[in-house]
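Enquirer: Below is one structure. I have some questions about it.
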Amino acid sequence: MRESKDFLRTIVEEDLKSGKYKEVITRFPPEPNGFPHIGHAKSICINFGIARDYNGHCNLRMDDTNPTKEDTKYVEALKSAVEWLGFDRGDNVYFTSDNFHKLYDYAIELIKMGKAYVDSTNEEEMRSLRGTVKEAGKRSKYAVRSIEENLDLFAKMKEGEFKDGEHVLRAKIDMGAANMKLRDPLLYRIRHANHFRTGDEWSIYPMYDFAHCLSDYIEGISHSICTLEFENNRDIYNWVLDTLGLELPRPYQHEFARLGINYTVMSKRKLLELVEGGQVSGWDDPRLPTIAGYKRKGYTPESILNFCDQIGIAKANSMVDVSQLEFCIRDDLNKKVPRVMCVINPLKVTIQNYEGTEDIDASYYPHDVPKEGSRKLPFSRELYIERDDFCENPPKGYFRLTPEQPVRIRHGFIISCKEVIKDANGKITEIKAEYYPDSKSGSDTSGIKVKSAIQWLSAKEAKQVEVRLYDRLFSCEAPEGVDDLNPDSLRIIKNAFVEPAVITEKPDERFQFERQGYFYADPIDYTDEKPVFNKIVGLKDSYAKKKKPTQEVVKPASKPQTKKAQVEGEVASMSEAQQLLFDKYTTELKLNAEVANILARDEFLSSFYQEALSALNSPVSIANIVVNEVSKEIKDKQASELKFTSKQIAGLVKMIDDKTISSKIAKQVFEEMAKFGENPSVIVEAKGLIQISDPSIIAPIIDEVIAKNPDNLEKFKAGNTKLLGFFVGQVLKATGGKANPQVVNKLVHEKLN
RNA sequence: UGGGGAUUCGCCAAGUGGUAAGGCACUAGCUUUUGGUGCUAGCAUUCACAGGUUCGAAUCCUGUAUCCCCAUCCA
């Protein structure tokens, strides 16, 4: 597990610790209406990962409540995705449709409670009655139907006596709710459609908001984790479970940000468009961010898992850079995969001073990969090298073969160019070269220094293969649609060559073609007669980067500009009474404008302030506490829920004023007061929080702290003045916060200078 | 009558009053018979902005800005 926990794991740990749940049970609940993509992988990692980390378990559940969109083939894809990623889902796959009968019974219960009704308004009218974000909605006239009538109608809906759209079942919540999801949400709709599992048994189907929470409950889920766009649905989730008065423990919903990756699309709709539009070869097209696509391309499950771990979990919408994913697959394959040679765009090289053939022994793995294995590399008079590895008029910094510069053929000899043969168009067709017999790899006595070693093949023994070069599907970072497609996302090279061992020995299904990238024997199209390799990812190429620095990203406008300019928005004006108060606070009581402003505008705060003031005449200190601390407590609480009184606050301020406690301790005391409502003096006494201001007590503690942190002392002396705060903090920590911070500050300052 | 979230380096992301973690990317140098790998170093005086509270603020308070989600009989 990573050393810093994400917010979900923090919640889970707290819930386990508090005994809210005995066991953590999560679920991964996709709708089987499309192929899972890497966003699902993130969700799988979260749900199964949390279950694994806390010895719980995770259900794979198909959220199959909409028969018109769903299909078994997607169920299979989902199952195999979870398996491929290596998570144990047990033998069981759960289906929401397994609960249809139970859900129906819960709906009836809701009707009996008068909390649900059959609505017969048509779709259009229903929409207009729902209101807008700024206006309340109006309840349907059918909402007044009796329980009996609702029960009867709902039963008939189930029996299939009505056509699609004639009636729906709705929860009776609040048509004026600020959260529009709460404006009497639909629970059931009529759908005369064949469901891939329940067939024609049902003519009504539950909606997500009704089915999901209850399925969670039925399965005993503790933590129902979903993406951010369901935040508004959380209120319905809770309403259903609470209204039904279900036995505890019951699940709670928590939301995280879905994954976005640049240069690709992640929505099911857009993915489907690409598949159906024929822009890609299918759901498993290696250019797609689907799990099937990554698998087909040659990604390993480990690399995806690692990626999900690296990107973390948070609540801010984000767009992860593909390079992070690419790093993960390179990092994984680097440790695992044999290195072989492949020439994609061949250039013939004839070694004029060599006759016959020989085999060169070559390790599959470089010195830094601790794996064993080697193969024979045939060497002969006629070779292929990569066209890019020869240049007649090389730019500065070119390390490969040129008329003047010799090069090593990897694992073999050093060669140098003697003659360049061209056709009528000036295209180079062949290089006449010579080799140095005493330069063989491993026993080189030639003394020739060479700048690089290039891949090569013996022309006669080289095996022809098809190589599929994949690039990003879209050419812009945040693609909108087919217009943004990268025209070169797939290049098929039918006549590339690899060394024979790749085909005959098959040491692996994934390879590093040296200096080119990682490749994968296509699991579908590969045959021994016609081998096909997919490019998984290229190697990092710092030469290519150096070559075209033109791609330099335009730096965003410099910060300092926005730095100075204060963003001035509209500030609501004060009422007359508020203005009066404000004036009194600033002139009479000498409060600063900011504090006075906050106080004057808040009715509760100002009256609370007045009360406290009548108990203790310390206008500024009280105002500060009220504005900064008390206001925190009333943020998400009713004023009546406050545990402390204005008098107690006055008492607290008194202790600060007469220096019994420091303001730091005061915060701590205040927290206790807010929790338990005890008197400040009682808390201070019980916890022994009285401030230590005596330098003779504090000084030795400071010496101790300094002695314990020699490296920081050094840094401080070197000019890192921030560390003053560090030392003060340490001293305060050592005294349990009781040392007078002002005194400590002064003393530390003196000692360090 | 609007509500709910979010904002820390180019991209992710820790951090909840006491030294601004980490990864990717980037930049150098060393290593290297892969322009790969590895190693070393550099990369936020500052946390959207502006005030306030405090000895001390990314963290607490107030205000402002920007982005995302919500008015499917989808999930």
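Following the order of the structure tokens, first chain is A, next is B, and so on, with residues numbered from 1 inside each chain and ligands from 1 in the order they appear.
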May I have the residues within 7 Å of segment 41-56 of chain B as a PyMOL selection string, using only C-alpha atoms (C1' of nucleotides) and disregarding those fewer than 3 positions away in the same chain?
Expert: (chain A and resi 566-567+594-595+624+628+725+741-742+745) or (chain B and resi 7-9+18+65)
Enquirer: Report as a VMD selection string the set of chain A residues whose atoms approach chain B to within 6 Å, with distances computed over only C-alpha atoms (C1' of nucleotides).
Expert: chain A and resid 132 to 135 178 to 179 189 229 311 316 320 to 321 324 453 514 to 515 542 to 543 566 569 628 723 725 to 726 729 741 to 742
Enquirer: Contacts of segment 274-281 of chain A at 8 Å or less, counting only C-alpha atoms (C1' of nucleotides), minus same-chain residues fewer than 5 places along, as a CSV table (one decimal) with all heavy atoms, in the first residue's frame?
Expert:
```
chain,number,residue,atom,x,y,z
A,287,ARG,N,-5.9,1.0,-30.5
A,287,ARG,CA,-5.9,2.5,-30.3
A,287,ARG,C,-6.9,3.0,-29.3
A,287,ARG,O,-6.9,4.1,-28.9
A,287,ARG,CB,-6.1,3.2,-31.6
A,287,ARG,CG,-4.9,3.0,-32.6
A,287,ARG,CD,-5.3,3.4,-34.0
A,287,ARG,NE,-6.3,2.5,-34.5
A,287,ARG,CZ,-6.8,2.7,-35.8
A,287,ARG,NH1,-6.5,3.7,-36.5
A,287,ARG,NH2,-7.7,1.8,-36.2
A,288,LEU,N,-7.8,2.1,-28.9
A,288,LEU,CA,-8.9,2.5,-28.0
A,288,LEU,C,-8.4,2.4,-26.6
A,288,LEU,O,-7.6,1.5,-26.2
A,288,LEU,CB,-10.1,1.6,-28.3
A,288,LEU,CG,-11.3,2.1,-29.0
A,288,LEU,CD1,-11.1,3.3,-29.8
A,288,LEU,CD2,-12.0,1.0,-29.7
A,482,VAL,N,-14.8,13.0,-34.4
A,482,VAL,CA,-14.0,12.4,-35.5
A,482,VAL,C,-13.1,13.4,-36.2
A,482,VAL,O,-12.1,13.0,-36.8
A,482,VAL,CB,-15.0,11.7,-36.5
A,482,VAL,CG1,-15.6,10.5,-35.9
A,482,VAL,CG2,-16.0,12.7,-37.0
```
Enquirer: So which residues of segment 163-342 of chain A fall under helix (DSSP H, G or I) by DSSP, listed as a ChimeraX atom specification?
Expert: /A:180-182,208-219,228-243,268-276,291-297,301-311,322-336
Enquirer: Can you pull out the residues contacting segment 644-658 of chain A? Cut-off 8 Å, using only C-alpha atoms (C1' of nucleotides), and skip same-chain residues under 2 positions away; I want them as number ranges by chain.
Expert: A: 608-609, 611-613, 615-616, 618, 621-622, 625, 642, 660-663, 666, 670, 673-674, 677-681
